[in-house]
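To start, the structure under review is shown below, and the notes come after it.
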Number of protein chains: 4
Amino acid sequence: MANTWGKNFRITTFGESHGKAIGIIIDGCPPKLAIDEHMINQALAERKPGQSPITSARNEPDQCQILSGTFQGKTTGAPIMILIQNHDAKSKDYKHLANVYRPSHADYTYTQKYGIRDYRGGGRSSARETATWVAAGAIAQAWLKLYNIQIQAYVSQIGKVQMKKKYRNICFKNVEKNMVRCPEKKTAEKMLKTIAKAKKNKDTVGGMVTGVIQGTPVGLGEPVFDKFHAVLGQAMLSINAAKGFEYGSGFRAAQMYGSMHNDVFIQKNGQVKTKKNYSGGIQGGITHGEDIYFNVAFKPVATIMQTQQSIDLQGNTTYIPGKGRHDPCIVPRAVPIVKAMAALVTIDFMLYPQKNSHHEAENSTNE
Amino acid sequence: MANTWGKNFRITTFGESHGKAIGIIIDGCPPKLAIDEHMINQALAERKPGQSPITSARNEPDQCQILSGTFQGKTTGAPIMILIQNHDAKSKDYKHLANVYRPSHADYTYTQKYGIRDYRGGGRSSARETATWVAAGAIAQAWLKLYNIQIQAYVSQIGKVQMKKKYRNICFKNVEKNMVRCPEKKTAEKMLKTIAKAKKNKDTVGGMVTGVIQGTPVGLGEPVFDKFHAVLGQAMLSINAAKGFEYGSGFRAAQMYGSMHNDVFIQKNGQVKTKKNYSGGIQGGITHGEDIYFNVAFKPVATIMQTQQSIDLQGNTTYIPGKGRHDPCIVPRAVPIVKAMAALVTIDFMLYPQKNSHHEAENSTNE
Amino acid sequence: MANTWGKNFRITTFGESHGKAIGIIIDGCPPKLAIDEHMINQALAERKPGQSPITSARNEPDQCQILSGTFQGKTTGAPIMILIQNHDAKSKDYKHLANVYRPSHADYTYTQKYGIRDYRGGGRSSARETATWVAAGAIAQAWLKLYNIQIQAYVSQIGKVQMKKKYRNICFKNVEKNMVRCPEKKTAEKMLKTIAKAKKNKDTVGGMVTGVIQGTPVGLGEPVFDKFHAVLGQAMLSINAAKGFEYGSGFRAAQMYGSMHNDVFIQKNGQVKTKKNYSGGIQGGITHGEDIYFNVAFKPVATIMQTQQSIDLQGNTTYIPGKGRHDPCIVPRAVPIVKAMAALVTIDFMLYPQKNSHHEAENSTNE
Amino acid sequence: MANTWGKNFRITTFGESHGKAIGIIIDGCPPKLAIDEHMINQALAERKPGQSPITSARNEPDQCQILSGTFQGKTTGAPIMILIQNHDAKSKDYKHLANVYRPSHADYTYTQKYGIRDYRGGGRSSARETATWVAAGAIAQAWLKLYNIQIQAYVSQIGKVQMKKKYRNICFKNVEKNMVRCPEKKTAEKMLKTIAKAKKNKDTVGGMVTGVIQGTPVGLGEPVFDKFHAVLGQAMLSINAAKGFEYGSGFRAAQMYGSMHNDVFIQKNGQVKTKKNYSGGIQGGITHGEDIYFNVAFKPVATIMQTQQSIDLQGNTTYIPGKGRHDPCIVPRAVPIVKAMAALVTIDFMLYPQKNSHHEAENSTNE
């Protein structure tokens, strides 16, 4: 398995949905950053199940412990270990799944790949894993704030209900004002209705999250294979249930003409800006200092409360009853995960070797 | 810079658009594979400029030389070096660009990041780089064919002209029957008209490429951070001008219900299949043996033959004349690049450590 | 920091000498391997302090917990988390060190590098870290045994007392028969006297460990930059207090002639062998199937029970009293660490992509 | 194969001893560094065969071409490709080796590992590969000089002839004053006699190279797994024929007491120094600013001009005549290789993410 993300700010995660605990080691966090368990728990609260009527009823306090890497309240440069105990792991809820492959889950592929599968919940393929990403993202965001880099995200679509405003015209403070995390009040209400309807029908529904990274310096991202948007894309596509990623003009660019799409440079208060930022803050894979904005599409949760046809491990047709505790729509809970992964990508690029540093030496020897 | 791609079948590339040569080292190619310069040149011919009236007039023979890694016509396991000389590099065409930032190009970001920029053509940010990917992809595809894995790609959209057929109903042999590489004859004609119109208007136009990977075994991809589709997404977003990536149901999944989207497993001729394959051949990040299909959106080429407003290195407003040799639409030439990157991703996962190998040992000691 | 080791069987560690806990995530362990806490605790017992009169009096039970990665007693392919609580961490023993740099410790370099230092014990630079390596090594060795690969190590030198027998003439069962882990009984007694003398003098003493890897297949190691012995060397030099590494003929090779040093191949019972194995089981960086043997030199422990001159954080001369609990000689406790690192290197190479695998495909298509 | 070295200043190499060319891609070189082919050729001249009566008679001009990565004489941050053509490759000299395994060469292990072997010369296992390392090292050294970091190396032992002076008392300008690269004139003469004797006897002889890195800042190296000396050790053990590595007090430390070995810190002209530097410039894996010194042991060259017993590919006993062009002693030619690898290790650590960088941000927000 590949359970490590990042080159400079590296996270390595472990834990199964219904095991003893999940957790994360963060390696490469800059020293002398003030962090504590409280700030991480606050971030976890945005993601945790049971937070509202539209989320899973699983009751996890999601209180973390920092086991290493800090001294007197500050990071030391040593690896930071964050542990989150599993409490409400009702393994017996899952015994009926030991011999079947659930549709659109990872049951079949894991069993084939490893020859063994922990059938209690999703095991390693469960979205419970993402709690550890959110913990790491909280630390990354704390560091990024020192540089005035802000990470935002919100729900821009649930089922067929889409937001109208573009990200530029949004007040991000409104995101957390409703359960669905959509900053347009009326659209949020429609989205809630869509989710309620799905829940009532013992069904689930998909949606879209829009993310925005503001305040990055010019120059993040590598020109050929670690383009900022390509790494960001992989990060977003790593989130459970993600099916697509686009940035800047995205899929709309396919139908546009160059004369319309090209971003004219202008000088504004001594800073280089573009008129339209169809580039999405990135040119040639490298940030140019304007807002980076992107969309991530999520499929509907695969666990539905309806009886479904499938096959068992011997290949016989079987029917799986709709049981367990799951979200009718995961998209609102994906918002903190999108923010966390965007923060991890951004801090990783911020910590890339500063290759121009030798100019200082060059200059100093010229004196 | 990050000029290396892959973990097991690793490519490392070099070269500027208007330098002496471009090239690639392939490290990790399995030994005893029959390869030669002719098969690579054939692949390069699909990508090279000047191949048809709708591509750039730059005249590059794109004939490669294999400088290492083979012995008596077969790979030896040693790194394979492939060199492609630049011939038609008219550097003087670019002198007028030394002091300006072209809109939606990487001029500004490179200059800011590195403090120096090779202004002859796009330098390192030019799509000329992708010729080396195609060369490596040709070798990867030769190896994958031994396992009956096929990589397909075609143009599914140019501007507002979209194909109607889904990939399942397509005869892939038709892709190369027209310049635009769209397997629907009538749609291809409309696409050609769109491109011709753009060219006439001294403009460029965007589009979309659909890729299909057929015949992969069950079990490719890693569960958490190197999910097959996430790595594939990064690979596609690494291609110049790519703005979005989706696989399986993609962005449409956002508006679907779980009961509709879930892929029911069925047994078919002794093999496990799904009824609809909205999963796009991947579940939990791991291939399940059905077709992997995906879309990549491309923006219109930034170089247009019109005069454009921009700024110079000092921040003054300036106007850039429309000069040079460029494609009115890059999308048909992106088809072999999409195939190459899909092949590189697939071979890399095929060469991952086979972690179940110890079973053999386990069994043998049980005897 | 770089707290990850290995490419295929990867370990990532965390924890400070006097923090809450130390631990390790193992990523890439093959599935279906039977492991449990008991077998790891047995390995930890070989390394733990307080095991005999010649080791540190720190009393750590070193009982591990496996928090993830197993199901019904077997590995699942998911990351394995092993946690070891710190119990006997007397932080107050170290307050007098907050403002000084101990000679030949990492106090000065850590403080300069990170601008902050956890002065309780060695923090991250303490050899306590190696307990987690031993835990991972126990799992690696369990897997290697399925392939009949055995890892051996013993103390071959303490101070000026050196073993006479070469590794070929040793009965490895005698290693654990004495506290000093030297398989030559009389030499072991002399070594114990040397250590006792050092302890009485409030001093410490250095030594050497010899390691032997038996039963590897032909073909482990990469030809150019990941030569088996080069990676093994880095692994051994990562152990605290290691100052040198040699394999096969080692430093003696510098004074030899080619006609004497060359390993003549012979056929023996249908297997290719060499007459003398000066190559140390490795030719061109690749194992040839014979015993891999090597030496690691360790300096004396830096913490002595004598008052030592040094400087404080302000650069003033100061004197540090000899306090705390430390080993007069770390070398016997280094034996399980050397075995663990040798096992980690070996399993990592065993899990490298099997690049010849395509022959099967080639053959099967020929049928 | 693993043909890439380094994390930040990465080299990837290719080419066989008797193929068309060898070469290297350098990725991660800081921009704006003045380099040219002349300076690289000068470094290559130190390593190339045929430079003196004690080296191989193979006549290679070893003139490089820079194919990418520079613009107007300076690096641009793009990958630098350096190509060295093979000229005097007498492949027919090697046909008699197609069916035999030469003693202490990589013939047997390559054949077993890859199932195919380029038997012209050593193929990929030839020390000809190291010419590319020397080319990269020349660029690294040019950059390091901007920071006043100097890399030195010299021959300290040939056969049983050992230098008496320690590195501190040596005038490095004397190294290049004799063919054997030993800065002690009389010792050099004895060494030359030893080599001449070996040559006359159609034999070869081993030796030792001492390396010294001067002027590094405090703080290079990572605490746990990328300790400066551990990475340096792997680099040195990657050189063909290397059998051992030690730094600072090295193997002598095994027989020392802590009270003798400990490095007392002193303040000297406002700088922190140690009295004896047994630490070899490194504490806890991190440089402390004093000289880093180390020894590398080399075995005698395996190709001797005598008839040797061996086996053929079928396992039959055979006799190999002493033919071809080879060095009676490779150690003097290893000096530039040791310097190159030391430079590559040092620049790589110099380019590690500067993790303290956030202090600036922290400070600026405090204002």
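Identifiers in this document derive from the order of the structure tokens: chains are assigned A, B, ..., residues are numbered from 1 separately in each chain, and ligands are numbered from 1 in order of occurrence.
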
Stretch 163-219 of chain C: residues DSSP assigns to helix (DSSP H, G or I), reported as number ranges by chain: C: 167-169, 172-177, 185-200

Write the selection just made, keeping N, CA, C and O atoms, as a short mmCIF file (atom, residue, chain, number, x, y, z; two decimals), in the first residue's frame?
```
data_model
loop_
_atom_site.label_atom_id
_atom_site.label_comp_id
_atom_site.auth_asym_id
_atom_site.auth_seq_id
_atom_site.Cartn_x
_atom_site.Cartn_y
_atom_site.Cartn_z
N TYR C 167 33.54 -15.78 11.01
CA TYR C 167 32.12 -16.11 11.15
C TYR C 167 31.80 -17.53 10.68
O TYR C 167 30.85 -18.15 11.15
N ARG C 168 32.60 -18.05 9.76
CA ARG C 168 32.31 -19.39 9.22
C ARG C 168 32.40 -20.50 10.26
O ARG C 168 31.76 -21.52 10.15
N ASN C 169 33.26 -20.25 11.24
CA ASN C 169 33.55 -21.31 12.22
C ASN C 169 32.76 -21.13 13.51
O ASN C 169 33.12 -21.69 14.53
N PHE C 172 26.19 -20.18 15.89
CA PHE C 172 25.41 -18.99 16.24
C PHE C 172 24.54 -19.21 17.47
O PHE C 172 24.09 -18.25 18.09
N LYS C 173 24.33 -20.46 17.84
CA LYS C 173 23.53 -20.71 19.04
C LYS C 173 24.22 -20.24 20.31
O LYS C 173 23.59 -20.05 21.33
N ASN C 174 25.55 -20.05 20.21
CA ASN C 174 26.28 -19.61 21.40
C ASN C 174 26.18 -18.11 21.65
O ASN C 174 26.58 -17.64 22.72
N VAL C 175 25.65 -17.38 20.69
CA VAL C 175 25.63 -15.92 20.82
C VAL C 175 24.87 -15.48 22.06
O VAL C 175 25.34 -14.64 22.85
N GLU C 176 23.70 -16.07 22.26
CA GLU C 176 22.85 -15.61 23.36
C GLU C 176 23.21 -16.28 24.70
O GLU C 176 22.50 -16.11 25.68
N LYS C 177 24.32 -17.02 24.72
CA LYS C 177 24.68 -17.72 25.96
C LYS C 177 25.39 -16.85 26.98
O LYS C 177 25.65 -17.27 28.09
N LYS C 185 33.41 -18.25 24.06
CA LYS C 185 33.21 -18.16 25.51
C LYS C 185 34.33 -17.38 26.22
O LYS C 185 34.07 -16.46 26.98
N LYS C 186 35.56 -17.75 25.93
CA LYS C 186 36.67 -17.10 26.64
C LYS C 186 36.81 -15.63 26.27
O LYS C 186 37.12 -14.78 27.10
N THR C 187 36.62 -15.35 25.00
CA THR C 187 36.68 -13.95 24.56
C THR C 187 35.57 -13.16 25.23
O THR C 187 35.77 -12.01 25.66
N ALA C 188 34.41 -13.77 25.33
CA ALA C 188 33.28 -13.11 25.99
C ALA C 188 33.64 -12.72 27.42
O ALA C 188 33.32 -11.62 27.89
N GLU C 189 34.32 -13.61 28.11
CA GLU C 189 34.71 -13.30 29.49
C GLU C 189 35.65 -12.10 29.55
O GLU C 189 35.51 -11.23 30.40
N LYS C 190 36.59 -12.06 28.62
CA LYS C 190 37.50 -10.91 28.58
C LYS C 190 36.75 -9.61 28.27
O LYS C 190 37.05 -8.56 28.82
N MET C 191 35.79 -9.74 27.36
CA MET C 191 35.00 -8.56 27.01
C MET C 191 34.22 -8.05 28.23
O MET C 191 34.17 -6.85 28.49
N LEU C 192 33.66 -8.98 28.99
CA LEU C 192 32.91 -8.58 30.18
C LEU C 192 33.80 -7.87 31.17
O LEU C 192 33.39 -6.90 31.81
N LYS C 193 35.02 -8.34 31.28
CA LYS C 193 35.97 -7.66 32.18
C LYS C 193 36.25 -6.24 31.71
O LYS C 193 36.36 -5.32 32.49
N THR C 194 36.41 -6.09 30.39
CA THR C 194 36.67 -4.76 29.84
C THR C 194 35.50 -3.82 30.13
O THR C 194 35.70 -2.65 30.51
N ILE C 195 34.30 -4.34 29.99
CA ILE C 195 33.13 -3.50 30.26
C ILE C 195 33.03 -3.19 31.75
O ILE C 195 32.75 -2.04 32.15
N ALA C 196 33.31 -4.19 32.58
CA ALA C 196 33.24 -3.97 34.03
C ALA C 196 34.25 -2.90 34.45
O ALA C 196 33.96 -2.04 35.28
N LYS C 197 35.42 -2.97 33.84
CA LYS C 197 36.46 -1.98 34.14
C LYS C 197 36.01 -0.58 33.74
O LYS C 197 36.18 0.39 34.49
N ALA C 198 35.44 -0.48 32.55
CA ALA C 198 34.95 0.82 32.08
C ALA C 198 33.89 1.35 33.04
O ALA C 198 33.91 2.53 33.42
N LYS C 199 32.98 0.48 33.47
CA LYS C 199 31.91 0.90 34.37
C LYS C 199 32.48 1.39 35.69
O LYS C 199 32.08 2.43 36.21
N LYS C 200 33.44 0.63 36.19
CA LYS C 200 34.07 1.00 37.47
C LYS C 200 34.75 2.36 37.36
O LYS C 200 34.70 3.17 38.28
#
```

Filtered DSSP result for stretch 19-93 of chain D, state strand (DSSP E), as a PyMOL selection string: chain D and resi 21-27+64-68+70-71+74-75+80-85

Mind dumping a table of every chain B residue within 7 Å of chain D, with the nearest atom pair and its distance in Å to one decimal, using only C-alpha atoms, sorted by chain and rising number, as JSON lines?
```
{"residue": "B:Met1", "atom": "CA", "partner": "D:Gly28", "partner_atom": "CA", "distance": 5.6}
{"residue": "B:Asn3", "atom": "CA", "partner": "D:Asp27", "partner_atom": "CA", "distance": 6.9}
{"residue": "B:Phe14", "atom": "CA", "partner": "D:Pro79", "partner_atom": "CA", "distance": 5.5}
{"residue": "B:Gly15", "atom": "CA", "partner": "D:Ser68", "partner_atom": "CA", "distance": 5.1}
{"residue": "B:Glu16", "atom": "CA", "partner": "D:Ser68", "partner_atom": "CA", "distance": 6.6}
{"residue": "B:Gly19", "atom": "CA", "partner": "D:Ser68", "partner_atom": "CA", "distance": 6.5}
{"residue": "B:Lys20", "atom": "CA", "partner": "D:Leu67", "partner_atom": "CA", "distance": 5.8}
{"residue": "B:Ala21", "atom": "CA", "partner": "D:Leu67", "partner_atom": "CA", "distance": 6.3}
{"residue": "B:Asp27", "atom": "CA", "partner": "D:Met1", "partner_atom": "CA", "distance": 6.4}
{"residue": "B:Gly28", "atom": "CA", "partner": "D:Met1", "partner_atom": "CA", "distance": 5.6}
{"residue": "B:Pro31", "atom": "CA", "partner": "D:Tyr114", "partner_atom": "CA", "distance": 6.1}
{"residue": "B:Lys32", "atom": "CA", "partner": "D:Ile116", "partner_atom": "CA", "distance": 6.9}
{"residue": "B:Leu67", "atom": "CA", "partner": "D:Lys20", "partner_atom": "CA", "distance": 5.8}
{"residue": "B:Ser68", "atom": "CA", "partner": "D:Gly15", "partner_atom": "CA", "distance": 5.1}
{"residue": "B:Gly69", "atom": "CA", "partner": "D:Gly15", "partner_atom": "CA", "distance": 7.0}
{"residue": "B:Phe71", "atom": "CA", "partner": "D:Asp118", "partner_atom": "CA", "distance": 6.0}
{"residue": "B:Thr76", "atom": "CA", "partner": "D:Ile116", "partner_atom": "CA", "distance": 6.0}
{"residue": "B:Gly77", "atom": "CA", "partner": "D:Tyr114", "partner_atom": "CA", "distance": 6.4}
{"residue": "B:Ala78", "atom": "CA", "partner": "D:Met1", "partner_atom": "CA", "distance": 6.5}
{"residue": "B:Pro79", "atom": "CA", "partner": "D:Phe14", "partner_atom": "CA", "distance": 5.5}
{"residue": "B:Ile80", "atom": "CA", "partner": "D:Phe14", "partner_atom": "CA", "distance": 7.0}
{"residue": "B:Met81", "atom": "CA", "partner": "D:Phe14", "partner_atom": "CA", "distance": 6.6}
{"residue": "B:Tyr114", "atom": "CA", "partner": "D:Pro31", "partner_atom": "CA", "distance": 6.1}
{"residue": "B:Ile116", "atom": "CA", "partner": "D:Thr76", "partner_atom": "CA", "distance": 6.0}
{"residue": "B:Arg117", "atom": "CA", "partner": "D:Thr76", "partner_atom": "CA", "distance": 6.5}
{"residue": "B:Asp118", "atom": "CA", "partner": "D:Phe71", "partner_atom": "CA", "distance": 6.0}
{"residue": "B:Arg124", "atom": "CA", "partner": "D:Ala78", "partner_atom": "CA", "distance": 6.8}
```

Residues near D:Ser238, cut-off 7 Å, only C-alpha atoms, skip fewer than 5 positions along chain, as an MDAnalysis selection string: chainID C and resid 224:225 227 230

Go ahead and save the picked residues with N, CA and C atoms, as a PDB file, in the first residue's frame.
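Dumped to part.pdb:
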```pdb
ATOM      1  N   VAL C 224      23.552  -0.033  -9.887  1.00  0.00           N
ATOM      2  CA  VAL C 224      24.316   1.207  -9.826  1.00  0.00           C
ATOM      3  C   VAL C 224      24.198   1.919  -8.477  1.00  0.00           C
ATOM      4  N   PHE C 225      23.005   2.405  -8.134  1.00  0.00           N
ATOM      5  CA  PHE C 225      22.930   3.219  -6.914  1.00  0.00           C
ATOM      6  C   PHE C 225      22.277   2.543  -5.726  1.00  0.00           C
ATOM      7  N   LYS C 227      23.068  -0.598  -4.733  1.00  0.00           N
ATOM      8  CA  LYS C 227      23.808  -1.832  -4.519  1.00  0.00           C
ATOM      9  C   LYS C 227      23.434  -2.392  -3.144  1.00  0.00           C
ATOM     10  N   ALA C 230      25.670  -1.172  -0.423  1.00  0.00           N
ATOM     11  CA  ALA C 230      25.634   0.276  -0.191  1.00  0.00           C
ATOM     12  C   ALA C 230      24.415   0.644   0.659  1.00  0.00           C
TER      13      ALA C 230
END
```

Non-local contacts of D:Thr318 (10 Å; only C-alpha atoms; under 2 positions in same chain excluded) as a PyMOL selection string: (chain C and resi 265-266) or (chain D and resi 100-101+308-312+315-316+320-321)

Selection near B:Gly248, 10 Å with only C-alpha atoms, sequence-local residues under 4 positions removed, as a PyMOL selection string: (chain A and resi 243-244) or (chain B and resi 229+252-253+276-282+291-295)

Export C-alpha atoms of the chosen residues as a tab-separated table (two decimals), in the first residue's frame?
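The resulting file, out26.tsv, is reproduced below:
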```
chain	number	residue	atom	x	y	z
A	243	LYS	CA	-14.84	11.05	-9.54
A	244	GLY	CA	-13.50	14.18	-11.18
B	229	HIS	CA	-7.42	6.88	-10.90
B	252	ARG	CA	-22.24	13.37	-13.83
B	253	ALA	CA	-21.96	11.33	-10.60
B	276	LYS	CA	-22.95	-0.63	-15.79
B	277	ASN	CA	-19.35	0.04	-14.83
B	278	TYR	CA	-20.01	3.55	-13.56
B	279	SER	CA	-16.98	2.75	-11.41
B	280	GLY	CA	-14.87	3.16	-14.54
B	281	GLY	CA	-13.00	-0.06	-13.88
B	282	ILE	CA	-11.77	1.06	-10.46
B	291	ASP	CA	-12.56	-1.08	-18.86
B	292	ILE	CA	-11.00	2.02	-17.33
B	293	TYR	CA	-12.36	5.06	-19.15
B	294	PHE	CA	-11.76	8.74	-18.57
B	295	ASN	CA	-11.94	12.22	-20.08
```

Residues within 9 Å of D:Ile40, only C-alpha atoms, excluding chain neighbours under 2 positions, as a list of chain:residue names: D:Ile35, D:Asp36, D:Glu37, D:His38, D:Gln42, D:Ala43, D:Leu44, D:Ala45, D:Gln63, D:Cys64, D:Val134, D:Ala135, D:Ala136, D:Gly137, D:Ala138, D:Ile139

Nearest candidate to A:Ala106 (options B:Leu344, B:Ala254, B:Ile286, B:Val180; using only C-alpha atoms): B:Ile286

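Here atom CA of B:Asp107 and atom CA of D:Gly6 stand 28.6 Å from one another.
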
Selection near A:Lys299, 12 Å with only C-alpha atoms, sequence-local residues under 4 positions removed, as a PyMOL selection string: (chain A and resi 104-105+157-159+204-209+237+239-244+303+328-331+334) or (chain B and resi 246-263+278-279)

Could you write those residues out with N, CA and C atoms, as a short mmCIF file (atom, residue, chain, number, x, y, z; two decimals), in the first residue's frame?
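And here's selection14.cif as it stands now:
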```cif
data_model
loop_
_atom_site.label_atom_id
_atom_site.label_comp_id
_atom_site.auth_asym_id
_atom_site.auth_seq_id
_atom_site.Cartn_x
_atom_site.Cartn_y
_atom_site.Cartn_z
N SER A 104 -20.12 -1.37 -5.67
CA SER A 104 -19.40 -0.08 -5.68
C SER A 104 -18.58 0.19 -4.42
N HIS A 105 -18.33 -0.85 -3.65
CA HIS A 105 -17.37 -0.76 -2.55
C HIS A 105 -16.06 -1.39 -2.99
N GLN A 157 -22.70 21.96 -5.25
CA GLN A 157 -23.74 21.18 -5.92
C GLN A 157 -24.13 19.97 -5.07
N ILE A 158 -25.44 19.70 -5.00
CA ILE A 158 -25.94 18.45 -4.41
C ILE A 158 -26.98 17.92 -5.39
N GLY A 159 -26.78 16.73 -5.91
CA GLY A 159 -27.70 16.22 -6.93
C GLY A 159 -27.79 17.22 -8.07
N THR A 204 -28.95 7.58 -1.39
CA THR A 204 -27.89 8.56 -1.16
C THR A 204 -27.79 9.44 -2.40
N VAL A 205 -27.07 10.56 -2.28
CA VAL A 205 -26.97 11.48 -3.41
C VAL A 205 -25.57 12.08 -3.50
N GLY A 206 -25.12 12.35 -4.73
CA GLY A 206 -23.78 12.89 -4.96
C GLY A 206 -23.74 14.41 -4.89
N GLY A 207 -22.60 14.99 -5.26
CA GLY A 207 -22.49 16.44 -5.21
C GLY A 207 -21.10 16.92 -5.57
N MET A 208 -20.88 18.20 -5.37
CA MET A 208 -19.61 18.79 -5.78
C MET A 208 -19.11 19.76 -4.71
N VAL A 209 -17.81 19.78 -4.49
CA VAL A 209 -17.19 20.74 -3.58
C VAL A 209 -16.28 21.65 -4.40
N LEU A 237 -8.42 13.52 -5.94
CA LEU A 237 -8.90 12.22 -6.42
C LEU A 237 -8.57 11.10 -5.44
N ILE A 239 -9.46 11.37 -2.34
CA ILE A 239 -10.57 11.39 -1.37
C ILE A 239 -11.60 10.35 -1.80
N ASN A 240 -12.10 9.61 -0.85
CA ASN A 240 -13.11 8.58 -1.13
C ASN A 240 -14.26 9.18 -1.92
N ALA A 241 -14.73 8.46 -2.94
CA ALA A 241 -15.91 8.84 -3.73
C ALA A 241 -15.67 9.95 -4.75
N ALA A 242 -14.44 10.50 -4.82
CA ALA A 242 -14.18 11.55 -5.82
C ALA A 242 -14.13 10.93 -7.22
N LYS A 243 -14.77 11.58 -8.17
CA LYS A 243 -14.84 11.05 -9.54
C LYS A 243 -14.26 12.01 -10.58
N GLY A 244 -14.03 13.26 -10.20
CA GLY A 244 -13.50 14.18 -11.18
C GLY A 244 -12.91 15.41 -10.52
N THR A 303 -23.14 2.83 0.16
CA THR A 303 -24.00 2.11 1.11
C THR A 303 -25.37 2.77 1.15
N PRO A 328 -26.46 9.88 4.15
CA PRO A 328 -27.21 9.97 2.90
C PRO A 328 -26.46 10.81 1.86
N CYS A 329 -25.60 11.72 2.34
CA CYS A 329 -24.79 12.53 1.41
C CYS A 329 -23.49 12.89 2.11
N ILE A 330 -22.39 12.48 1.53
CA ILE A 330 -21.09 12.68 2.17
C ILE A 330 -20.52 14.07 1.86
N VAL A 331 -21.11 14.76 0.90
CA VAL A 331 -20.47 15.96 0.36
C VAL A 331 -20.22 17.05 1.40
N ALA A 334 -17.26 16.27 3.19
CA ALA A 334 -16.05 16.29 2.35
C ALA A 334 -15.38 17.67 2.35
N GLU B 246 -11.78 13.40 -15.40
CA GLU B 246 -12.84 12.64 -14.74
C GLU B 246 -12.77 11.21 -15.23
N TYR B 247 -13.20 10.26 -14.39
CA TYR B 247 -13.18 8.85 -14.82
C TYR B 247 -14.52 8.21 -14.46
N GLY B 248 -14.85 7.16 -15.17
CA GLY B 248 -16.14 6.50 -14.93
C GLY B 248 -17.27 7.50 -15.09
N SER B 249 -18.18 7.51 -14.13
CA SER B 249 -19.32 8.43 -14.23
C SER B 249 -18.91 9.89 -14.15
N GLY B 250 -17.75 10.17 -13.61
CA GLY B 250 -17.19 11.51 -13.59
C GLY B 250 -18.07 12.57 -12.95
N PHE B 251 -18.09 13.76 -13.57
CA PHE B 251 -18.86 14.87 -12.99
C PHE B 251 -20.36 14.60 -12.97
N ARG B 252 -20.81 13.70 -13.86
CA ARG B 252 -22.24 13.37 -13.83
C ARG B 252 -22.64 12.69 -12.52
N ALA B 253 -21.66 12.02 -11.86
CA ALA B 253 -21.96 11.33 -10.60
C ALA B 253 -22.50 12.29 -9.55
N ALA B 254 -22.10 13.56 -9.66
CA ALA B 254 -22.51 14.54 -8.65
C ALA B 254 -24.02 14.70 -8.58
N GLN B 255 -24.71 14.43 -9.70
CA GLN B 255 -26.16 14.62 -9.67
C GLN B 255 -26.94 13.31 -9.57
N MET B 256 -26.24 12.23 -9.31
CA MET B 256 -26.91 10.92 -9.29
C MET B 256 -27.23 10.44 -7.88
N TYR B 257 -28.15 9.48 -7.83
CA TYR B 257 -28.50 8.81 -6.58
C TYR B 257 -27.74 7.49 -6.48
N GLY B 258 -27.50 7.06 -5.28
CA GLY B 258 -26.76 5.82 -5.04
C GLY B 258 -27.41 4.61 -5.68
N SER B 259 -28.72 4.55 -5.59
CA SER B 259 -29.44 3.38 -6.12
C SER B 259 -29.27 3.27 -7.63
N MET B 260 -29.03 4.40 -8.27
CA MET B 260 -28.84 4.42 -9.71
C MET B 260 -27.37 4.17 -10.06
N HIS B 261 -26.50 4.75 -9.25
CA HIS B 261 -25.06 4.76 -9.55
C HIS B 261 -24.38 3.44 -9.19
N ASN B 262 -24.88 2.76 -8.17
CA ASN B 262 -24.18 1.55 -7.71
C ASN B 262 -24.04 0.49 -8.81
N ASP B 263 -22.88 -0.09 -8.86
CA ASP B 263 -22.55 -1.10 -9.89
C ASP B 263 -22.85 -2.50 -9.37
N TYR B 278 -20.18 2.13 -13.91
CA TYR B 278 -20.01 3.55 -13.56
C TYR B 278 -18.72 3.76 -12.80
N SER B 279 -18.24 2.67 -12.19
CA SER B 279 -16.98 2.75 -11.41
C SER B 279 -15.79 3.07 -12.32
#
```
